[in-house]
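Undergrad: My structure is in start12.cif, and what it holds is mmCIF, C-alpha atoms:
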data_entry
#
loop_
_atom_site.label_atom_id
_atom_site.label_comp_id
_atom_site.auth_asym_id
_atom_site.auth_seq_id
_atom_site.Cartn_x
_atom_site.Cartn_y
_atom_site.Cartn_z
CA MET A 13 54.76 -9.49 -13.25
CA ASN A 14 54.22 -7.56 -9.98
CA ALA A 15 51.46 -8.35 -7.49
CA ARG A 16 49.42 -5.26 -8.39
CA ALA A 17 49.34 -6.29 -12.07
CA ALA A 18 47.98 -9.71 -11.07
CA GLN A 19 45.07 -8.17 -9.12
CA TYR A 20 41.72 -6.76 -10.08
CA SER A 21 41.35 -3.12 -9.11
CA ALA A 22 39.30 -2.15 -6.06
CA VAL A 23 36.63 -0.61 -8.34
CA ALA A 24 36.38 -3.80 -10.38
CA ILE A 25 36.05 -5.92 -7.23
CA LEU A 26 33.30 -3.74 -5.74
CA LEU A 27 31.35 -3.67 -9.00
CA HIS A 28 31.78 -7.41 -9.45
CA TRP A 29 30.32 -8.31 -6.06
CA ALA A 30 27.62 -5.62 -6.09
CA ILE A 31 26.35 -6.81 -9.48
CA ALA A 32 26.59 -10.47 -8.47
CA ALA A 33 24.62 -9.87 -5.26
CA ALA A 34 21.95 -7.86 -7.09
CA ILE A 35 21.53 -10.49 -9.80
CA VAL A 36 21.26 -13.42 -7.39
CA GLY A 37 18.83 -11.51 -5.16
CA ASN A 38 16.77 -10.35 -8.12
CA VAL A 39 16.44 -13.84 -9.55
CA ALA A 40 15.06 -14.98 -6.19
CA LEU A 41 12.67 -12.02 -6.02
CA GLY A 42 11.48 -12.62 -9.57
CA TRP A 43 10.86 -16.30 -8.93
CA TRP A 44 8.79 -15.53 -5.82
CA MET A 45 6.79 -12.55 -7.06
CA HIS A 46 5.49 -14.31 -10.19
CA ARG A 47 3.92 -16.88 -7.89
CA GLY A 48 2.91 -14.53 -5.09
CA ILE A 49 1.08 -12.04 -7.34
CA ASP A 50 -1.75 -14.51 -7.99
CA VAL A 51 -2.25 -15.50 -4.35
CA PRO A 52 -4.63 -13.13 -2.51
CA GLU A 53 -2.69 -13.39 0.76
CA THR A 54 0.59 -12.31 -0.84
CA ALA A 55 -0.55 -10.15 -3.79
CA ALA A 56 0.10 -6.82 -2.04
CA ARG A 57 3.59 -7.90 -0.97
CA ALA A 58 4.31 -9.20 -4.48
CA ILE A 59 3.41 -5.80 -5.96
CA ALA A 60 5.89 -4.15 -3.59
CA VAL A 61 8.52 -6.77 -4.44
CA PHE A 62 7.91 -6.13 -8.14
CA GLN A 63 8.95 -2.51 -7.63
CA VAL A 64 12.11 -3.63 -5.83
CA HIS A 65 12.80 -6.16 -8.60
CA LYS A 66 12.57 -3.45 -11.25
CA SER A 67 14.71 -1.09 -9.19
CA LEU A 68 17.42 -3.71 -8.70
CA GLY A 69 17.31 -4.60 -12.39
CA LEU A 70 17.84 -1.00 -13.43
CA THR A 71 20.66 -0.75 -10.88
CA VAL A 72 22.30 -3.82 -12.43
CA LEU A 73 22.00 -2.22 -15.86
CA ALA A 74 23.66 0.99 -14.68
CA LEU A 75 26.41 -0.82 -12.75
CA SER A 76 27.06 -3.15 -15.69
CA LEU A 77 27.52 -0.22 -18.06
CA LEU A 78 29.93 1.30 -15.53
CA ARG A 79 31.73 -2.04 -15.15
CA LEU A 80 32.05 -2.41 -18.93
CA ALA A 81 33.42 1.12 -19.29
CA TRP A 82 35.91 0.47 -16.48
CA ARG A 83 37.05 -2.79 -18.05
CA LEU A 84 37.67 -1.15 -21.42
CA ARG A 85 40.03 1.27 -19.69
CA HIS A 86 41.48 -1.23 -17.19
CA PRO A 87 42.12 -4.67 -18.75
CA PRO A 88 41.75 -7.60 -16.34
CA PRO A 89 44.81 -9.46 -15.10
CA PRO A 90 45.84 -12.38 -17.31
CA MET A 91 45.10 -15.99 -16.51
CA PRO A 92 47.92 -17.96 -14.81
CA MET A 93 50.62 -19.02 -17.22
CA ALA A 94 49.93 -22.67 -16.41
CA ALA A 95 46.32 -22.45 -17.60
CA PRO A 96 45.74 -24.38 -20.85
CA ALA A 97 44.63 -22.53 -23.99
CA TRP A 98 41.06 -23.87 -23.83
CA GLU A 99 40.63 -22.43 -20.33
CA ARG A 100 41.78 -19.02 -21.51
CA VAL A 101 39.30 -19.11 -24.39
CA ALA A 102 36.51 -20.36 -22.10
CA ALA A 103 37.22 -17.56 -19.61
CA ARG A 104 37.02 -14.89 -22.32
CA LEU A 105 33.78 -16.33 -23.73
CA THR A 106 32.24 -16.65 -20.27
CA HIS A 107 33.02 -13.06 -19.38
CA ALA A 108 31.69 -11.82 -22.73
CA ALA A 109 28.47 -13.80 -22.19
CA PHE A 110 28.12 -12.34 -18.69
CA TYR A 111 28.32 -8.79 -20.04
CA VAL A 112 25.69 -9.56 -22.66
CA LEU A 113 23.35 -11.01 -20.02
CA MET A 114 24.00 -8.26 -17.47
CA LEU A 115 22.82 -5.74 -20.06
CA ALA A 116 20.16 -7.78 -21.87
CA ILE A 117 18.29 -9.09 -18.81
CA PRO A 118 17.47 -5.71 -17.22
CA PHE A 119 16.87 -4.09 -20.62
CA SER A 120 14.35 -6.77 -21.60
CA GLY A 121 12.66 -6.31 -18.22
CA TRP A 122 12.51 -2.55 -18.78
CA LEU A 123 10.90 -3.14 -22.17
CA TYR A 124 8.35 -5.48 -20.59
CA ALA A 125 7.49 -2.96 -17.87
CA SER A 126 7.22 -0.20 -20.50
CA ALA A 127 4.58 -2.13 -22.46
CA GLN A 128 2.27 -1.90 -19.42
CA TRP A 129 0.58 -5.22 -20.09
CA ARG A 130 0.18 -8.40 -18.06
CA GLY A 131 -1.38 -11.58 -19.37
CA THR A 132 -4.48 -10.58 -21.33
CA ALA A 133 -5.09 -7.13 -19.86
CA PRO A 134 -3.49 -3.69 -19.72
CA LEU A 135 -1.44 -2.78 -16.68
CA ASN A 136 -0.95 0.66 -15.20
CA VAL A 137 1.98 0.43 -12.78
CA PRO A 138 4.74 3.05 -12.94
CA THR A 139 8.34 2.10 -12.25
CA LEU A 140 9.64 3.87 -9.15
CA TRP A 141 13.35 3.48 -8.50
CA PHE A 142 13.28 2.46 -4.83
CA GLY A 143 10.38 4.89 -4.39
CA LEU A 144 12.60 7.90 -5.08
CA PHE A 145 11.69 8.86 -8.65
CA GLN A 146 9.70 7.56 -11.59
CA VAL A 147 11.55 5.85 -14.43
CA PRO A 148 10.16 6.67 -17.91
CA HIS A 149 8.74 3.98 -20.14
CA LEU A 150 10.82 3.15 -23.21
CA PHE A 151 9.85 4.22 -26.72
CA GLY A 152 6.37 5.36 -25.67
CA LEU A 153 5.24 1.73 -25.48
CA ASP A 154 2.69 2.49 -22.79
CA GLN A 155 0.86 4.72 -25.30
CA ALA A 156 0.93 2.19 -28.16
CA ALA A 157 -2.09 0.26 -29.40
CA GLN A 158 -3.19 -2.58 -27.14
CA GLY A 159 -2.22 -5.20 -29.71
CA THR A 160 1.29 -3.79 -29.88
CA ARG A 161 1.60 -3.63 -26.10
CA ALA A 162 0.39 -7.21 -25.72
CA ALA A 163 2.82 -8.48 -28.38
CA VAL A 164 5.81 -6.60 -26.95
CA ALA A 165 4.98 -7.74 -23.41
CA GLY A 166 4.69 -11.39 -24.47
CA ILE A 167 7.98 -11.41 -26.37
CA THR A 168 10.00 -9.45 -23.82
CA LEU A 169 8.69 -11.38 -20.81
CA GLU A 170 9.58 -14.72 -22.38
CA THR A 171 12.96 -13.36 -23.44
CA HIS A 172 13.55 -11.98 -19.95
CA GLU A 173 12.82 -15.33 -18.34
CA TRP A 174 15.00 -17.32 -20.74
CA LEU A 175 17.88 -14.88 -20.27
CA ALA A 176 17.51 -15.23 -16.50
CA TRP A 177 17.77 -19.00 -16.77
CA GLY A 178 20.83 -18.53 -18.97
CA ALA A 179 22.38 -16.33 -16.28
CA ILE A 180 21.73 -19.00 -13.64
CA ALA A 181 23.43 -21.63 -15.77
CA LEU A 182 26.35 -19.37 -16.55
CA LEU A 183 26.68 -18.41 -12.89
CA ALA A 184 26.84 -22.07 -11.90
CA LEU A 185 29.56 -22.61 -14.50
CA HIS A 186 31.44 -19.54 -13.30
CA VAL A 187 31.32 -20.59 -9.64
CA GLY A 188 32.38 -24.10 -10.54
CA ALA A 189 35.37 -22.80 -12.51
CA ALA A 190 36.39 -20.51 -9.64
CA LEU A 191 36.25 -23.39 -7.16
CA LYS A 192 38.20 -25.58 -9.57
CA HIS A 193 40.98 -22.98 -9.68
CA GLN A 194 40.94 -22.49 -5.92
CA LEU A 195 40.66 -26.09 -4.73
CA GLY A 196 42.02 -28.07 -7.66
CA ASP A 197 44.64 -25.92 -9.37
CA ARG A 198 45.43 -23.97 -6.16
CA ASP A 199 46.20 -20.82 -8.11
CA VAL A 200 45.24 -17.17 -7.49
CA VAL A 201 42.31 -16.83 -9.94
CA LEU A 202 39.67 -16.61 -7.18
CA SER A 203 41.68 -14.79 -4.51
CA ARG A 204 42.53 -11.88 -6.82
CA MET A 205 38.81 -10.97 -6.85
CA LEU A 206 38.64 -10.99 -3.03
CA PRO A 207 39.65 -8.26 -0.53
CA LEU A 208 42.86 -10.25 -0.02
CA ALA A 209 45.40 -10.06 -2.81
CA PRO A 210 47.78 -12.86 -3.87
CA ALA A 211 51.38 -12.41 -2.95
CA PRO A 212 54.06 -13.47 -5.45
CA GLY A 213 54.55 -16.68 -3.50
CA GLY A 214 50.87 -17.59 -3.71
CA ARG A 215 49.80 -16.83 -0.10
CA PRO A 216 47.20 -14.07 0.32
CA GLN A 217 48.29 -10.94 2.08
CA PRO A 218 46.36 -7.82 3.12
CA ARG A 219 46.08 -5.16 0.49
CA GLU A 220 47.53 -1.73 1.13
CA TRP A 221 45.49 0.00 3.85
CA PRO A 222 43.68 2.55 1.61
CA ARG A 223 42.53 -0.14 -0.81
CA SER A 224 41.59 -2.53 1.98
CA ILE A 225 39.54 0.08 3.82
CA ALA A 226 37.79 1.11 0.61
CA LEU A 227 36.91 -2.50 -0.20
CA TRP A 228 35.52 -3.33 3.22
CA LEU A 229 33.56 -0.09 3.43
CA GLY A 230 32.18 -0.79 -0.01
CA SER A 231 31.18 -4.29 1.02
CA ALA A 232 29.47 -2.90 4.12
CA ALA A 233 27.61 -0.41 1.92
CA ILE A 234 26.31 -3.26 -0.25
CA VAL A 235 25.03 -5.09 2.84
CA LEU A 236 23.38 -1.95 4.22
CA ALA A 237 21.78 -1.28 0.84
CA ALA A 238 20.34 -4.81 0.83
CA VAL A 239 18.93 -4.27 4.34
CA ALA A 240 17.42 -0.96 3.25
CA VAL A 241 15.76 -2.62 0.27
CA GLY A 242 14.31 -5.31 2.51
CA TRP A 243 12.96 -2.69 4.90
CA ALA A 244 11.43 -0.78 2.01
CA VAL A 245 9.49 -3.93 1.12
CA VAL A 246 8.14 -4.77 4.58
CA LYS A 247 7.60 -1.34 6.13
CA PRO A 248 4.02 -0.03 6.31
CA PRO A 249 3.02 3.00 4.21
CA ALA A 250 4.05 6.32 5.70
CA ALA A 251 1.43 8.63 7.13
CA VAL A 252 0.57 11.72 5.14
CA PRO A 253 2.23 14.69 6.90
CA ALA A 254 -0.17 17.33 8.20
CA GLU A 255 1.91 20.14 6.73
CA ALA A 256 1.20 18.81 3.23
CA SER A 257 -2.34 20.26 3.31
CA ALA A 258 -3.31 23.44 1.45
CA ILE A 259 -6.97 24.24 2.11
CA GLY A 260 -8.60 27.55 1.26
CA ASP A 261 -11.73 29.41 0.22
CA LEU A 262 -13.36 30.01 -3.13
CA PRO A 263 -14.63 33.55 -3.84
CA GLY A 264 -18.16 34.56 -2.95
CA GLY A 265 -18.63 32.72 0.33
CA ASN A 266 -19.50 34.13 3.75
CA TRP A 267 -17.81 31.32 5.69
CA SER A 268 -14.07 30.65 5.94
CA VAL A 269 -12.88 27.03 5.85
CA ASP A 270 -10.75 25.89 8.79
CA PRO A 271 -7.35 24.48 7.59
CA GLY A 272 -7.91 21.44 9.81
CA SER A 273 -10.74 20.24 7.57
CA GLU A 274 -10.28 16.99 5.66
CA ILE A 275 -11.51 15.04 2.66
CA ARG A 276 -10.40 11.44 3.14
CA PHE A 277 -10.70 8.33 1.00
CA SER A 278 -10.07 4.64 1.69
CA GLY A 279 -10.21 1.22 0.12
CA ALA A 280 -7.99 -1.78 -0.53
CA HIS A 281 -5.31 -2.58 -3.10
CA ALA A 282 -4.49 -6.26 -3.58
CA GLY A 283 -6.12 -6.95 -0.22
CA MET A 284 -4.05 -4.31 1.59
CA PRO A 285 -6.13 -1.45 3.08
CA PHE A 286 -5.18 2.13 2.26
CA ASP A 287 -6.32 5.39 3.84
CA GLY A 288 -5.52 8.74 2.29
CA ARG A 289 -6.69 12.29 1.75
CA PHE A 290 -6.65 15.14 -0.69
CA THR A 291 -4.18 17.73 0.49
CA ARG A 292 -5.14 20.64 -1.79
CA TRP A 293 -8.72 21.80 -2.11
CA ARG A 294 -10.89 24.88 -1.70
CA ALA A 295 -14.52 25.43 -0.76
CA GLY A 296 -16.98 28.26 -1.18
CA ILE A 297 -19.79 28.34 1.38
CA ARG A 298 -22.66 30.83 1.17
CA PHE A 299 -25.14 29.97 3.86
CA ASP A 300 -27.77 31.74 5.95
CA PRO A 301 -30.42 29.62 7.70
CA ALA A 302 -32.93 32.38 7.06
CA ASP A 303 -32.28 32.39 3.30
CA LEU A 304 -31.89 28.81 2.11
CA ALA A 305 -32.91 29.77 -1.42
CA SER A 306 -29.62 31.66 -1.83
CA ALA A 307 -27.46 29.08 0.01
CA SER A 308 -24.81 27.15 -1.90
CA VAL A 309 -21.74 25.03 -1.28
CA THR A 310 -19.07 24.47 -3.90
CA ALA A 311 -15.65 22.87 -3.79
CA GLU A 312 -12.67 22.32 -6.07
CA ILE A 313 -10.41 19.37 -5.28
CA GLU A 314 -7.00 19.04 -6.94
CA THR A 315 -6.97 15.40 -8.01
CA ALA A 316 -3.16 15.26 -8.18
CA SER A 317 -3.03 15.96 -4.44
CA ALA A 318 -4.27 12.49 -3.40
CA ARG A 319 -1.88 11.12 -0.76
CA ASP A 320 -1.91 7.86 1.17
CA GLY A 321 1.78 7.40 2.01
CA ASN A 322 2.31 4.78 -0.71
CA PRO A 323 4.59 6.14 -3.48
CA LEU A 324 3.19 3.68 -6.04
CA HIS A 325 -0.38 4.84 -5.44
CA GLU A 326 0.59 8.50 -5.40
CA GLU A 327 2.37 8.24 -8.75
CA THR A 328 -0.44 6.19 -10.31
CA LEU A 329 -3.52 8.17 -9.31
CA PRO A 330 -2.76 11.32 -11.38
CA GLN A 331 -2.20 9.26 -14.55
CA PRO A 332 -4.68 9.18 -17.47
CA GLU A 333 -6.34 5.90 -16.51
CA TRP A 334 -7.19 7.22 -13.06
CA PHE A 335 -7.78 10.92 -12.33
CA ASP A 336 -6.09 12.09 -15.56
CA ALA A 337 -4.87 15.15 -13.66
CA GLY A 338 -3.19 16.57 -16.75
CA ARG A 339 -6.52 17.07 -18.55
CA HIS A 340 -8.82 17.14 -15.52
CA PRO A 341 -6.90 18.77 -12.69
CA LEU A 342 -10.01 19.45 -10.59
CA ALA A 343 -12.92 17.45 -9.26
CA ARG A 344 -15.83 19.82 -8.58
CA PHE A 345 -18.60 19.56 -6.00
CA ARG A 346 -21.80 21.60 -6.44
CA SER A 347 -24.72 21.64 -4.04
CA THR A 348 -28.15 20.96 -5.56
CA GLY A 349 -30.27 21.54 -2.50
CA ILE A 350 -30.11 22.33 1.23
CA GLN A 351 -33.11 21.23 3.34
CA PRO A 352 -33.65 21.71 7.11
CA ARG A 353 -33.72 18.67 9.39
CA GLY A 354 -34.16 20.46 12.73
CA ASP A 355 -31.84 21.21 15.65
CA GLY A 356 -29.68 23.44 13.48
CA ARG A 357 -28.97 20.61 11.02
CA PHE A 358 -29.53 20.56 7.28
CA GLU A 359 -29.37 17.95 4.54
CA LEU A 360 -26.87 18.94 1.86
CA ALA A 361 -27.42 17.28 -1.53
CA GLY A 362 -24.98 17.71 -4.36
CA THR A 363 -23.08 16.32 -7.31
CA LEU A 364 -19.40 15.63 -7.87
CA THR A 365 -17.86 15.97 -11.33
CA ILE A 366 -14.80 13.80 -12.03
CA LYS A 367 -13.32 13.64 -15.54
CA ASP A 368 -16.46 15.32 -16.94
CA ARG A 369 -18.66 12.68 -15.32
CA GLU A 370 -21.31 14.05 -12.95
CA LEU A 371 -22.03 11.78 -9.99
CA VAL A 372 -25.01 12.21 -7.67
CA LEU A 373 -23.79 11.84 -4.09
CA GLU A 374 -25.43 10.71 -0.88
CA PRO A 375 -26.52 13.74 1.17
CA LEU A 376 -24.07 15.25 3.65
CA THR A 377 -24.98 16.87 6.96
CA LEU A 378 -24.56 20.62 7.38
CA ALA A 379 -24.84 22.00 10.91
CA VAL A 380 -24.58 25.51 12.34
CA ASP A 381 -23.74 26.31 15.95
CA GLY A 382 -23.42 30.06 16.41
CA GLY A 383 -20.42 31.21 14.40
CA ARG A 384 -19.25 27.71 13.48
CA LEU A 385 -20.46 25.61 10.55
CA THR A 386 -19.66 21.94 9.91
CA ILE A 387 -20.22 19.69 6.91
CA THR A 388 -19.78 15.99 7.66
CA GLY A 389 -20.68 12.68 6.12
CA SER A 390 -19.56 9.80 3.98
CA VAL A 391 -20.20 9.22 0.30
CA THR A 392 -19.28 6.30 -1.94
CA ILE A 393 -17.59 6.70 -5.33
CA LEU A 394 -18.00 3.74 -7.67
CA ARG A 395 -14.93 3.49 -9.86
CA ARG A 396 -16.92 2.42 -12.90
CA ASP A 397 -19.13 5.53 -12.64
CA ALA A 398 -16.11 7.84 -12.36
CA ASP A 399 -14.04 5.92 -14.97
CA LEU A 400 -11.20 5.31 -12.54
CA GLY A 401 -8.84 2.44 -13.36
CA MET A 402 -11.30 0.77 -15.69
CA GLU A 403 -8.77 -0.20 -18.36
CA SER A 404 -6.46 -2.34 -16.23
CA ASP A 405 -8.81 -3.33 -13.39
CA PRO A 406 -12.45 -3.28 -14.58
CA ALA A 407 -13.41 -6.29 -12.44
CA ALA A 408 -11.91 -4.74 -9.27
CA ALA A 409 -9.52 -7.68 -8.92
CA TYR A 410 -6.93 -5.39 -7.32
CA VAL A 411 -8.50 -2.07 -6.29
CA SER A 412 -11.82 -1.75 -4.46
CA ALA A 413 -14.79 -1.17 -6.75
CA ALA A 414 -16.32 1.24 -4.24
CA ILE A 415 -14.22 3.99 -2.64
CA PRO A 416 -15.63 5.58 0.53
CA VAL A 417 -14.96 9.31 0.85
CA VAL A 418 -15.36 11.00 4.24
CA VAL A 419 -15.88 14.77 4.53
CA GLN A 420 -15.05 16.62 7.74
CA LEU A 421 -15.24 20.34 7.09
CA GLN A 422 -15.31 23.10 9.67
CA ALA A 423 -15.80 26.78 8.84
CA LEU A 424 -16.08 30.07 10.72
CA ARG A 425 -18.48 32.85 9.86
CA ARG A 426 -16.76 35.80 8.23
CA PRO A 427 -17.21 39.16 9.96
#
Mind turning this structure into C-alpha cells?
TA:
Amino acid sequence: MNARAAQYSAVAILLHWAIAAAIVGNVALGWWMHRGIDVPETAARAIAVFQVHKSLGLTVLALSLLRLAWRLRHPPPPMPMAAPAWERVAARLTHAAFYVLMLAIPFSGWLYASAQWRGTAPLNVPTLWFGLFQVPHLFGLDQAAQGTRAAVAGITLETHEWLAWGAIALLALHVGAALKHQLGDRDVVLSRMLPLAPAPGGRPQPREWPRSIALWLGSAAIVLAAVAVGWAVVKPPAAVPAEASAIGDLPGGNWSVDPGSEIRFSGAHAGMPFDGRFTRWRAGIRFDPADLASASVTAEIETASARDGNPLHEETLPQPEWFDAGRHPLARFRSTGIQPRGDGRFELAGTLTIKDRELVLEPLTLAVDGGRLTITGSVTILRRDADLGMESDPAAAYVSAAIPVVVQLQALRRP
C-alpha cells in the first residue's frame, strides 16, 4: 500500500477538524448560555450566544452532510494490519455513531428552535445565521397550536441535551483510542489525520507542498472564523447609517419635512439598552397660525423600517407578535387639536394607531419661527396597549414595558 492510500485526503482532514472544533465549542457555549440566560447580568450576552450556538449547530449540520457525501465517494484508509478484529469493529461503530450524532444533534436543536417555545411560555426569536440571513423554522412549527409547540420543544430539547452528552462521551472514547494508537501501539492512526502524513517507515514527513499549503491555510481559516464568531458576540450593536433614512411628505400639506428629521425609540432588552429609529416615514403638515381650525398634522410610519443596529431586533420587530408589518405595514399619527401656548409655540395633541389600536399620546410641541416649523417632544408607548410582544413577554421580563419615542421634526414652508 502506498503512502497516499494510507492517508486521509486534505478535504477529509479539514472537515474533520472544522467539525470537531465547532462541536466542542458549541457544547461549551450551550452549557454556559443555559445558565447565563436566567441571570440578569448575563442575559443579554446569553441571547447573543444563543444565536451563535444555533449558527454553529447549523454549520455542523451542513459540514457533516458534506463530510458524509465525501466519505461515500472517498473511503477512509484501512486500519493497520496489526489491529485486532475487535478494534476494527469498534472503529467502524464509533465512526457510524459520530455521523448519527453530528446530524441528529443540530437537527434536534433546529426543531427545538422552530417550536418557538421556552419553558412554559412562547418564544419569538428568529434564527439568524451569524447575523447574515434568517433561517426558516421547520415544518411550520412556529405557527402550530401552543400545546403542540410546548410538546415539541420539551421533547426536542431533552433529546438535544442527551445527544450532546452522548457526543461528549463518544468524543472522550475517540480521543482515548487515538492516544492509545499514538502512544501505546505507536502506529500511524492519529498522524494520518494531521497535516503531517506517515511515511512507509512510520516517521511523519511533510505532505506535498500543494496539499500542505491547503491544509495550513484551511486551519488558519478555521481559527479566523472562530475569532470572528467571538467578535460577533462581544461587539456592540452597529449604529444605524444615516443614508438608510427615507423621509418625505404626504399630500395636502403646506410645509415640507426636512430629511434630517427623526423619530427615535429606546428601551432595554435583557438589561441591555437599545436606541433606534424609524428610517422610512412621511408627514403631512397643514399649518397657519392664523387659521388653527384648519391646521392638521398627519404621519405614516413604516413599521418594518425600525432599526437599532441589532440584527436580532430588526428581524423580530416586523413579525406578527410585534408590529405585524405584513398585515399592518403603517403606524398612523393624526392630530386631534393644536392650541397656542405663546411665543410662537403650540401644543399638538394627537393619536397613534398601531395594529388597529388607537393610542392617545402626550402632547408634542409645535413651534414656528419665520419659514421654519419644528415638532418636538417625547411620548411613551406601553407595549400592552399597542399589543407588542405580549405573547412571549407579557410581564416585560426581557423587553421594557414602556418604550419612549422621541420626535424631532423640522419643516420648511412651501412657496
Undergrad: Tell me which protein, DNA and RNA residues are within 10 Å of region 387-401 of chain A, counting only C-alpha atoms, leaving out same-chain ones fewer than 4 positions away, and put them as a VMD selection string.
TA: chain A and resid 135 to 136 273 to 277 309 328 to 329 331 to 336 357 to 360 364 to 380 405 to 408 411 to 423
Undergrad: If we count all atoms listed in the file and set the cut-off at 12 Å, which residues sit around His86 (chain A), ignoring sequence neighbours fewer than 5 positions away in its own chain? Please answer as a list in words.
TA: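 Final neighbour list, sorted by chain and number: Ala17, Gln19, Tyr20, Ser21, Ala22, Val23, Ala24, Leu78, Arg79, Leu80 and Ala81 of chain A.
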Undergrad: Might you pull out every residue within 12 Å of Met45 (chain A), with only C-alpha atoms counted and same-chain residues fewer than 2 positions away left off, and present them as a PyMOL selection string?
TA: chain A and resi 38-43+47-51+54-66
Undergrad: Report as a list in words the residues that result from applying the PyMOL selection byres ((chain A and resi 292) around 7) to the structure here.
TA: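 Taken on the displayed file, the PyMOL selection byres ((chain A and resi 292) around 7) yields the residues Ser257, Ala258, Ile259, Phe290, Thr291, Trp293, Ile313, Glu314 and Ser317 of chain A.
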Undergrad: Once the PyMOL selection byres ((chain A and resi 180) around 12) has been applied to the shown file, what residues remain in the selection, as a tab-separated table (two decimals) with C-alpha atoms, in the frame of the given file?
TA:
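Listed below is the output, expr_1.tsv:
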chain	number	residue	atom	x	y	z
A	32	ALA	CA	26.59	-10.47	-8.47
A	35	ILE	CA	21.53	-10.49	-9.80
A	36	VAL	CA	21.26	-13.42	-7.39
A	37	GLY	CA	18.83	-11.51	-5.16
A	38	ASN	CA	16.77	-10.35	-8.12
A	39	VAL	CA	16.44	-13.84	-9.55
A	40	ALA	CA	15.06	-14.98	-6.19
A	110	PHE	CA	28.12	-12.34	-18.69
A	113	LEU	CA	23.35	-11.01	-20.02
A	114	MET	CA	24.00	-8.26	-17.47
A	117	ILE	CA	18.29	-9.09	-18.81
A	173	GLU	CA	12.82	-15.33	-18.34
A	174	TRP	CA	15.00	-17.32	-20.74
A	175	LEU	CA	17.88	-14.88	-20.27
A	176	ALA	CA	17.51	-15.23	-16.50
A	177	TRP	CA	17.77	-19.00	-16.77
A	178	GLY	CA	20.83	-18.53	-18.97
A	179	ALA	CA	22.38	-16.33	-16.28
A	181	ALA	CA	23.43	-21.63	-15.77
A	182	LEU	CA	26.35	-19.37	-16.55
A	183	LEU	CA	26.68	-18.41	-12.89
A	184	ALA	CA	26.84	-22.07	-11.90
A	185	LEU	CA	29.56	-22.61	-14.50
A	186	HIS	CA	31.44	-19.54	-13.30
A	187	VAL	CA	31.32	-20.59	-9.64
Undergrad: May I ask which of the residues A:Ala282, A:Val147, A:Ile350, A:Ile31 is the closest one to Glu327 (chain A), counting only C-alpha atoms?
TA: A:Val147
Undergrad: Expressed in Å to a single decimal, how great is the separation between CA of Val137 (chain A) and CA of Met402 (chain A)?
TA: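 One can read the CA of Val137 (chain A) to CA of Met402 (chain A) distance as 13.6 Å.
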Undergrad: Just checking: using only C-alpha atoms, which residue out of A:Lys192, A:Arg319, A:His46, A:Arg83 ends up closest to Arg130 (chain A)?
TA: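 Among A:Lys192, A:Arg319, A:His46, A:Arg83, it is A:His46 that comes nearest to Arg130 (chain A).
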Undergrad: On this file, the PyMOL selection byres ((chain A and resi 267) around 9) gives some set of residues; write that set as number ranges by chain.
TA: A: 261, 265-266, 268-269, 296-299, 384-385, 423-427
Undergrad: Work out how far apart CA of Asp154 (chain A) and CA of Ala127 (chain A) are and give it in Å to one decimal.
TA: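 Value for the CA of Asp154 (chain A)-CA of Ala127 (chain A) distance: 5.0 Å.
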Undergrad: When you draw a straight line from CA of Ser126 (chain A) to CA of His149 (chain A), how long is it in Å?
TA: 4.5 Å
Undergrad: Residues near Tyr124 (chain A), anyone? I mean within 7 Å using only C-alpha atoms, not counting same-chain ones fewer than 2 positions away, as a list in words.
TA: Ser120, Gly121, Trp122, Ser126, Ala127, Val164, Ala165, Thr168 and Leu169 of chain A
Undergrad: For C-alpha atoms, I'd like the residues from the last selection saved as an mmCIF file, in the frame of the given file.
TA:
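And here is the file that came out, part35.cif:
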data_model
loop_
_atom_site.group_PDB
_atom_site.id
_atom_site.type_symbol
_atom_site.label_atom_id
_atom_site.label_comp_id
_atom_site.auth_asym_id
_atom_site.auth_seq_id
_atom_site.Cartn_x
_atom_site.Cartn_y
_atom_site.Cartn_z
ATOM 1 C CA SER A 120 14.350 -6.770 -21.600
ATOM 2 C CA GLY A 121 12.660 -6.310 -18.220
ATOM 3 C CA TRP A 122 12.510 -2.550 -18.780
ATOM 4 C CA SER A 126 7.220 -0.200 -20.500
ATOM 5 C CA ALA A 127 4.580 -2.130 -22.460
ATOM 6 C CA VAL A 164 5.810 -6.600 -26.950
ATOM 7 C CA ALA A 165 4.980 -7.740 -23.410
ATOM 8 C CA THR A 168 10.000 -9.450 -23.820
ATOM 9 C CA LEU A 169 8.690 -11.380 -20.810
#
Undergrad: Quick one: of A:Ala295, A:Met284, A:Thr315, A:Thr106, who's nearest to Pro271 (chain A), counting only C-alpha atoms?
TA: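 Between A:Ala295, A:Met284, A:Thr315, A:Thr106, the residue approaching Pro271 (chain A) most closely is A:Ala295.
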Undergrad: Using all atoms listed in the file, which protein or nucleic acid residues come within 9 Å of Gly349 (chain A)? Drop anything in the same chain fewer than 3 positions from it, and give the result as a list in words.
TA: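 The residues that qualify are Leu304, Ala305, Ala307, Ser308, Glu359, Leu360, Ala361 and Gly362 of chain A.
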Undergrad: With C-alpha atoms kept, could you save the residues just selected as a PDB file, in the frame of the given file?
TA:
ATOM      1  CA  LEU A 304     -31.890  28.810   2.110  1.00  0.00           C
ATOM      2  CA  ALA A 305     -32.910  29.770  -1.420  1.00  0.00           C
ATOM      3  CA  ALA A 307     -27.460  29.080   0.010  1.00  0.00           C
ATOM      4  CA  SER A 308     -24.810  27.150  -1.900  1.00  0.00           C
ATOM      5  CA  GLU A 359     -29.370  17.950   4.540  1.00  0.00           C
ATOM      6  CA  LEU A 360     -26.870  18.940   1.860  1.00  0.00           C
ATOM      7  CA  ALA A 361     -27.420  17.280  -1.530  1.00  0.00           C
ATOM      8  CA  GLY A 362     -24.980  17.710  -4.360  1.00  0.00           C
TER       9      GLY A 362
END
